[in-house]
Each structure stands twice: as structure tokens, then as C-alpha cells.
Amino acid sequence: MSKPLRKVVFPVAGLGTRFLPATKVVAKEMLPVLDKPLIQYAVDEAVDAGADTLIFVTNRYKHAIADYFDKAYELESKLQEKGKAELLALVQGTLPRHVRAIFVTQPEALGLGHAVLCAKPVVGDEPFGVILPDDLIWNGQMGAGAGKGALRQMAELADAQQAGVIAVEEVPHSDTDKYGIVDATPVDDRSALIRYMVEKPKPADAPSNLAVVGRYVLPGRIFQLLEQTTPGAGGEIQLTDAIEALLKEQGKVLAYRFEGIRFDCGNKAGLVRATMHMAMQDPKLAPTVRAFLGQL
Ligand code: G1P
């Protein structure tokens with residue numbers, strides 16, 4: 001991989017059944033953590049990593065995501081008229097001017113690997129990032145001492161090492177069947193050479209408790225490998241299986257323990273934790289939250 005990371009893919013075609021009934025009409029990526037939808041945190045992280053082309057893999061029920069990043073003429077002119085400059089900047093700032101959003105559809109829910117493959121015509125043959133917006137990773141972006149976003153850390157490593165990079169984190173051993181799991185040889189405190197990867201193994205079969213979380217930097221070659229990937233765990237075309245094939249072919253894919261805290265906002269407990277964490281970062285909200293927790 002010799003080019004910098006310009007394109008990031010967001011697979012957002014999932015049904016969000018864990019948040020029904022809200023997700024009957026609201027895309028799960030539009031659920032807010034305080035005042036920002038999950039997808040905005042993901043987009044901010046991609047832009048921080050240098051991306052200027054964002055590819056949303058969506059389905060026919062997810063118009064809200066395209067609407068959210070579109071220009072809101074009526075709202076913007078009302079805010080302008082009323083001199084609400086701060087609010088106007090917020091509304092206009094969902095997507096920076098130099099960044100474009102491209103929407104491709106995933107006609108059938110055939111798995112994460114298939115969703116990523118749908119982005120092939122837009123990405124072409126260059127390294128690209130994948131962000132699963134359910135996994136919100138915070139590294140001080142909101143307050144003082146802002147750190148690099150997880151994807152930027154990974155893009156830098158991918159470029160320096162000329163290799164694919166997958167974000168990982170230790171999880172309880174009993175949870176291995178919820179994640180892609182890697183077996184890896186440590187290189188330093190944060191990175192390791194992956195030996196083997198497997199999607200959602202039972203705890204008894206898992207090679208470790210080092211789990212893939214929703215960030216990837218991959219070479220364009222992955223698309224050809226995805227085309228050859230047959231359904232795996234859960235009967236779905238798994239990205240993990242294509243990365244395992246990449247590993248066999250290229251011999252080098254890195255697992256990276258990112259700097260930051262990850263919130264699994266694909267479930268209620270994670271969304272509550274993320275919301276409380278973000279509220280505690282906000283000097284105006286923190287005292288209220290602390291006092292209320294005391295009362296509870
Ligand atoms: C997907 C991936 C899995 C990864 C997880 C991280 O699974 O297939 O390898 O560990 O995201 O959130 P999903 O959560 O879509 O079932």
C-alpha cells in the first residue's frame with residue numbers, strides 16, 4: 001500500500017433489531033449520543049484520518065442518513081435569518097466542504113463482507129478504511145488533550161508497515177462468539193502480527209480473547225478475495241474470512257490495540273455508557289449527571 005487513506009466505507013444497512021421499536025423508523029446509526037448521531041462520530045473519525053470520500057453502504061430504509069448529510073436549505077436559511085450563527089455552523093458542519101458522501105445500496109443482507117464488497121466500484125484498487133458506526137471509539141476528541149482518532153492511528157501504521165491493520169481489544173472469554181477473534185504474535189505494546197483469524201468462535205474453540213472491533217484499514221485486493229468468499233459463520237459472507245485469505249496470501253496483517261475507549265453502541269448498555277461518558281466530558285452537563293447519579 002503506497003497511497004494514503006482517502007476512502008472510508010460505512011456499512012450501515014443493518015436492521016438494528018436491538019433497538020426496536022425505535023429503529024422501526026429511526027436508522028440505528030441515527031441514534032444520538034447526547035446531541036450527535038452515532039454516524040456523526042464515525043464520520044468525524046474518518047475525516048480525522050484524512051478521508052475525503054465516504055462511502056455509505058445502505059438500504060432502501062435508510063434515507064435518513066443521506067438526508068442528514070445533505071444540505072438543509074430551509075433550516076439553514078431560517079437560522080441565517082435569525083442570526084443563529086452557532087447553530088448554523090453545527091448544521092452545516094455535518095460534512096466538511098472538502099468531503100463527499102457516496103451512497104451505494106446493499107440489495108440483500110448477506111453479511112458484513114458482502115456489504116463491504118458493495119463499495120468496490122467506488123473504492124477501486126487502493127487502501128481504504130472501514131468503520132462500523134456501532135463501535136464508538138473516543139480518544140479525547142471532545143475536550144482538552146484531544147488525541148488521534150483510532151482510524152488515524154491505524155492509517156499511519158498501515159502506511160508505515162505497508163500492511164492491512166485491524167483494530168482489536170480484549171473481551172471476556174465468554175464473549176468470543178460475538179466477535180472476530182485473532183491469534184497474534186506481539187510486535188510491540190500496541191501492534192501484533194496476526195497468525196490466524198476466525199469469526200465468532202465458541203469460547204471453547206477460540207484461539208484467544210483478542211477481538212476485532214469495528215475499524216479496519218485494508219488493501220483494494222480484499223475485494224477480489226471477498227468475491228471468492230463463501231458464506232461462513234451465521235450463513236453470512238464474512239469480512240473476517242476474506243482477511244484470513246489476505247493473510248494467507250500476503251503473510252502480513254496487523255492487529256492494533258488502539259488508544260481510546262470503545263463503546264459498543266450496538267446494544268443498550270453500551271449506548272447508555274457512551275452517553276454517560278460523553279455527558280461527563282461536557283463541563284455544563286457533568287455536575288447534573290453526577291448529582292443525579294447520587295440521587296439514584
Ligand atoms: C462484526 C464482525 C466481527 C467484529 C464485530 C465488531 O460482527 O463480523 O468480526 O468483531 O463486527 O463489532 P457483527 O457485530 O456485525 O456481528
# chains A, B, ... in the order shown; residues from 1 in each chain; ligands from 1
$ residues_around --residues "range 16-33 of chain A" --least-positions-apart "2" --cutoff "9 Å" --atoms "only C-alpha atoms" --output "PyMOL selection string"
chain A and resi 12-14+35-40+61-65+68+133-134+266-268+271-272+274-276+278-279
$ residues_near_ligand --ligand "ligand 1" --cutoff "10 Å" --atoms "only C-alpha atoms and all ligand atoms" --output "count of residues only"
44
$ select_by_dssp --residues "range 24-221 of chain A" --states "alpha helix (DSSP H)" --output "PyMOL selection string"
chain A and resi 38-48+63-69+73-81+85-92+112-117+120-123+150-161
$ select_by_dssp --residues "range 15-175 of chain A" --states "strand (DSSP E or B)" --output "ChimeraX atom specification"
/A:32-33,36-37,53-58,100-105,128-131,135-138,164-170
$ write_last_selection --atoms "N, CA, C and O atoms" --output "short mmCIF file (atom, residue, chain, number, x, y, z; two decimals), in the first residue's frame"
data_model
loop_
_atom_site.label_atom_id
_atom_site.label_comp_id
_atom_site.auth_asym_id
_atom_site.auth_seq_id
_atom_site.Cartn_x
_atom_site.Cartn_y
_atom_site.Cartn_z
N PRO A 32 -28.86 9.06 18.91
CA PRO A 32 -27.90 10.05 19.38
C PRO A 32 -27.14 9.63 20.63
O PRO A 32 -27.67 8.91 21.48
N VAL A 33 -25.91 10.07 20.71
CA VAL A 33 -25.17 10.07 21.98
C VAL A 33 -25.04 11.56 22.29
O VAL A 33 -24.35 12.28 21.57
N LYS A 36 -25.30 14.26 19.10
CA LYS A 36 -24.79 13.83 17.80
C LYS A 36 -25.21 12.39 17.52
O LYS A 36 -25.09 11.53 18.38
N PRO A 37 -25.67 12.11 16.30
CA PRO A 37 -25.97 10.71 15.98
C PRO A 37 -24.69 9.90 15.87
O PRO A 37 -23.62 10.45 15.56
N THR A 53 -13.51 10.91 0.88
CA THR A 53 -14.60 10.23 0.17
C THR A 53 -15.19 9.18 1.12
O THR A 53 -14.50 8.24 1.53
N LEU A 54 -16.44 9.39 1.47
CA LEU A 54 -17.09 8.50 2.43
C LEU A 54 -18.15 7.69 1.69
O LEU A 54 -19.00 8.26 0.99
N ILE A 55 -18.08 6.38 1.84
CA ILE A 55 -19.00 5.52 1.11
C ILE A 55 -19.92 4.83 2.11
O ILE A 55 -19.47 4.05 2.97
N PHE A 56 -21.20 5.14 2.01
CA PHE A 56 -22.19 4.55 2.91
C PHE A 56 -22.87 3.40 2.19
O PHE A 56 -23.45 3.61 1.12
N VAL A 57 -22.76 2.21 2.77
CA VAL A 57 -23.44 1.05 2.18
C VAL A 57 -24.76 0.91 2.91
O VAL A 57 -24.81 0.57 4.09
N THR A 58 -25.83 1.23 2.19
CA THR A 58 -27.09 1.45 2.86
C THR A 58 -28.19 0.57 2.24
O THR A 58 -27.90 -0.26 1.39
N ARG A 100 -16.81 14.31 0.29
CA ARG A 100 -18.04 13.94 -0.40
C ARG A 100 -18.57 12.62 0.12
O ARG A 100 -17.79 11.74 0.51
N ALA A 101 -19.89 12.52 0.09
CA ALA A 101 -20.55 11.29 0.56
C ALA A 101 -21.13 10.57 -0.63
O ALA A 101 -21.79 11.18 -1.48
N ILE A 102 -20.88 9.29 -0.71
CA ILE A 102 -21.41 8.47 -1.81
C ILE A 102 -22.23 7.34 -1.21
O ILE A 102 -21.79 6.71 -0.24
N PHE A 103 -23.40 7.11 -1.77
CA PHE A 103 -24.29 6.07 -1.22
C PHE A 103 -24.41 4.93 -2.20
O PHE A 103 -24.71 5.15 -3.37
N VAL A 104 -24.13 3.73 -1.72
CA VAL A 104 -24.36 2.55 -2.56
C VAL A 104 -25.31 1.65 -1.78
O VAL A 104 -25.34 1.68 -0.54
N THR A 105 -26.10 0.88 -2.49
CA THR A 105 -27.04 0.04 -1.76
C THR A 105 -26.56 -1.41 -1.71
O THR A 105 -25.87 -1.89 -2.60
N PHE A 128 -8.18 1.38 1.88
CA PHE A 128 -9.35 2.11 2.36
C PHE A 128 -9.65 1.71 3.80
O PHE A 128 -9.15 0.69 4.29
N GLY A 129 -10.45 2.52 4.46
CA GLY A 129 -10.83 2.22 5.84
C GLY A 129 -12.25 1.68 5.88
O GLY A 129 -13.04 1.92 4.98
N VAL A 130 -12.56 0.95 6.95
CA VAL A 130 -13.94 0.54 7.22
C VAL A 130 -14.22 0.94 8.68
O VAL A 130 -13.41 0.66 9.56
N ILE A 131 -15.34 1.62 8.88
CA ILE A 131 -15.78 1.95 10.25
C ILE A 131 -17.17 1.37 10.46
O ILE A 131 -18.08 1.64 9.66
N ASP A 135 -19.59 0.76 16.89
CA ASP A 135 -18.45 0.86 17.80
C ASP A 135 -17.99 2.31 17.82
O ASP A 135 -17.36 2.78 16.88
N LEU A 136 -18.37 3.00 18.89
CA LEU A 136 -17.94 4.40 19.01
C LEU A 136 -16.60 4.38 19.76
O LEU A 136 -16.52 3.81 20.85
N ILE A 137 -15.58 4.94 19.16
CA ILE A 137 -14.27 4.98 19.84
C ILE A 137 -13.91 6.43 20.13
O ILE A 137 -13.83 7.26 19.23
N TRP A 138 -13.73 6.69 21.39
CA TRP A 138 -13.47 8.06 21.85
C TRP A 138 -12.03 8.16 22.32
O TRP A 138 -11.57 7.32 23.07
N GLY A 164 -2.26 -4.35 5.93
CA GLY A 164 -3.59 -4.14 6.47
C GLY A 164 -3.52 -4.09 8.00
O GLY A 164 -2.65 -4.71 8.61
N VAL A 165 -4.43 -3.31 8.59
CA VAL A 165 -4.44 -3.17 10.05
C VAL A 165 -5.88 -3.34 10.55
O VAL A 165 -6.80 -2.73 10.00
N ILE A 166 -6.05 -4.15 11.58
CA ILE A 166 -7.37 -4.43 12.15
C ILE A 166 -7.35 -3.99 13.61
O ILE A 166 -6.41 -4.35 14.33
N ALA A 167 -8.36 -3.25 14.05
CA ALA A 167 -8.41 -2.83 15.46
C ALA A 167 -8.84 -4.01 16.33
O ALA A 167 -9.76 -4.75 15.96
N VAL A 168 -8.18 -4.17 17.46
CA VAL A 168 -8.55 -5.27 18.37
C VAL A 168 -8.61 -4.77 19.82
O VAL A 168 -8.03 -3.73 20.16
N GLU A 169 -9.29 -5.56 20.63
CA GLU A 169 -9.42 -5.26 22.05
C GLU A 169 -9.70 -6.58 22.76
O GLU A 169 -10.37 -7.45 22.21
N GLU A 170 -9.19 -6.69 24.00
CA GLU A 170 -9.51 -7.90 24.76
C GLU A 170 -10.96 -7.87 25.21
O GLU A 170 -11.46 -6.82 25.62
#
$ atom_distance --atom1 "CA of Val116 in chain A" --atom2 "CA of Glu244 in chain A"
15.3 Å
$ closest_atom_pairs --of "range 159-263 of chain A" --to "range 46-49 of chain A" --cutoff "12 Å" --atoms "only C-alpha atoms" --output "Markdown table"
| residue | atom | partner | partner_atom | distance |
| --- | --- | --- | --- | --- |
| A:Asp159 | CA | A:Ala49 | CA | 12.0 |
| A:Arg215 | CA | A:Ala46 | CA | 10.2 |
| A:Tyr216 | CA | A:Ala46 | CA | 11.3 |
| A:Val217 | CA | A:Ala49 | CA | 10.8 |
$ residues_around --residues "Gln224 in chain A" --least-positions-apart "3" --cutoff "10 Å" --atoms "only C-alpha atoms" --output "MDAnalysis selection string"
chainID A and resid 117 120 125 220:221 227:229 242 246
$ closest_residue --among "A:Gln281, A:Thr288, A:Asn59, A:Gln250" --to "Pro107 in chain A" --atoms "only C-alpha atoms"
A:Asn59
$ closest_residue --among "A:Lys252, A:Arg257, A:Arg60, A:Lys202" --to "Glu108 in chain A" --atoms "only C-alpha atoms"
A:Arg60
$ atom_distance --atom1 "CA of Ala192 in chain A" --atom2 "CA of Ala204 in chain A"
22.8 Å
$ atom_distance --atom1 "CA of Leu225 in chain A" --atom2 "CA of Ala163 in chain A"
15.7 Å
$ closest_residue --among "A:Arg97, A:Arg152, A:Lys78, A:His114" --to "Ile222 in chain A" --atoms "only C-alpha atoms"
A:His114
$ closest_residue --among "A:Ala66, A:Leu88, A:Val9, A:Leu157" --to "Phe258 in chain A" --atoms "only C-alpha atoms"
A:Leu157
$ closest_residue --among "A:Leu87, A:Leu254, A:Val123, A:Ile243" --to "Gln161 in chain A" --atoms "only C-alpha atoms"
A:Leu254
$ closest_residue --among "A:Leu193, A:Lys148, A:Leu110, A:Pro203" --to "Ser174 in chain A" --atoms "only C-alpha atoms"
A:Pro203
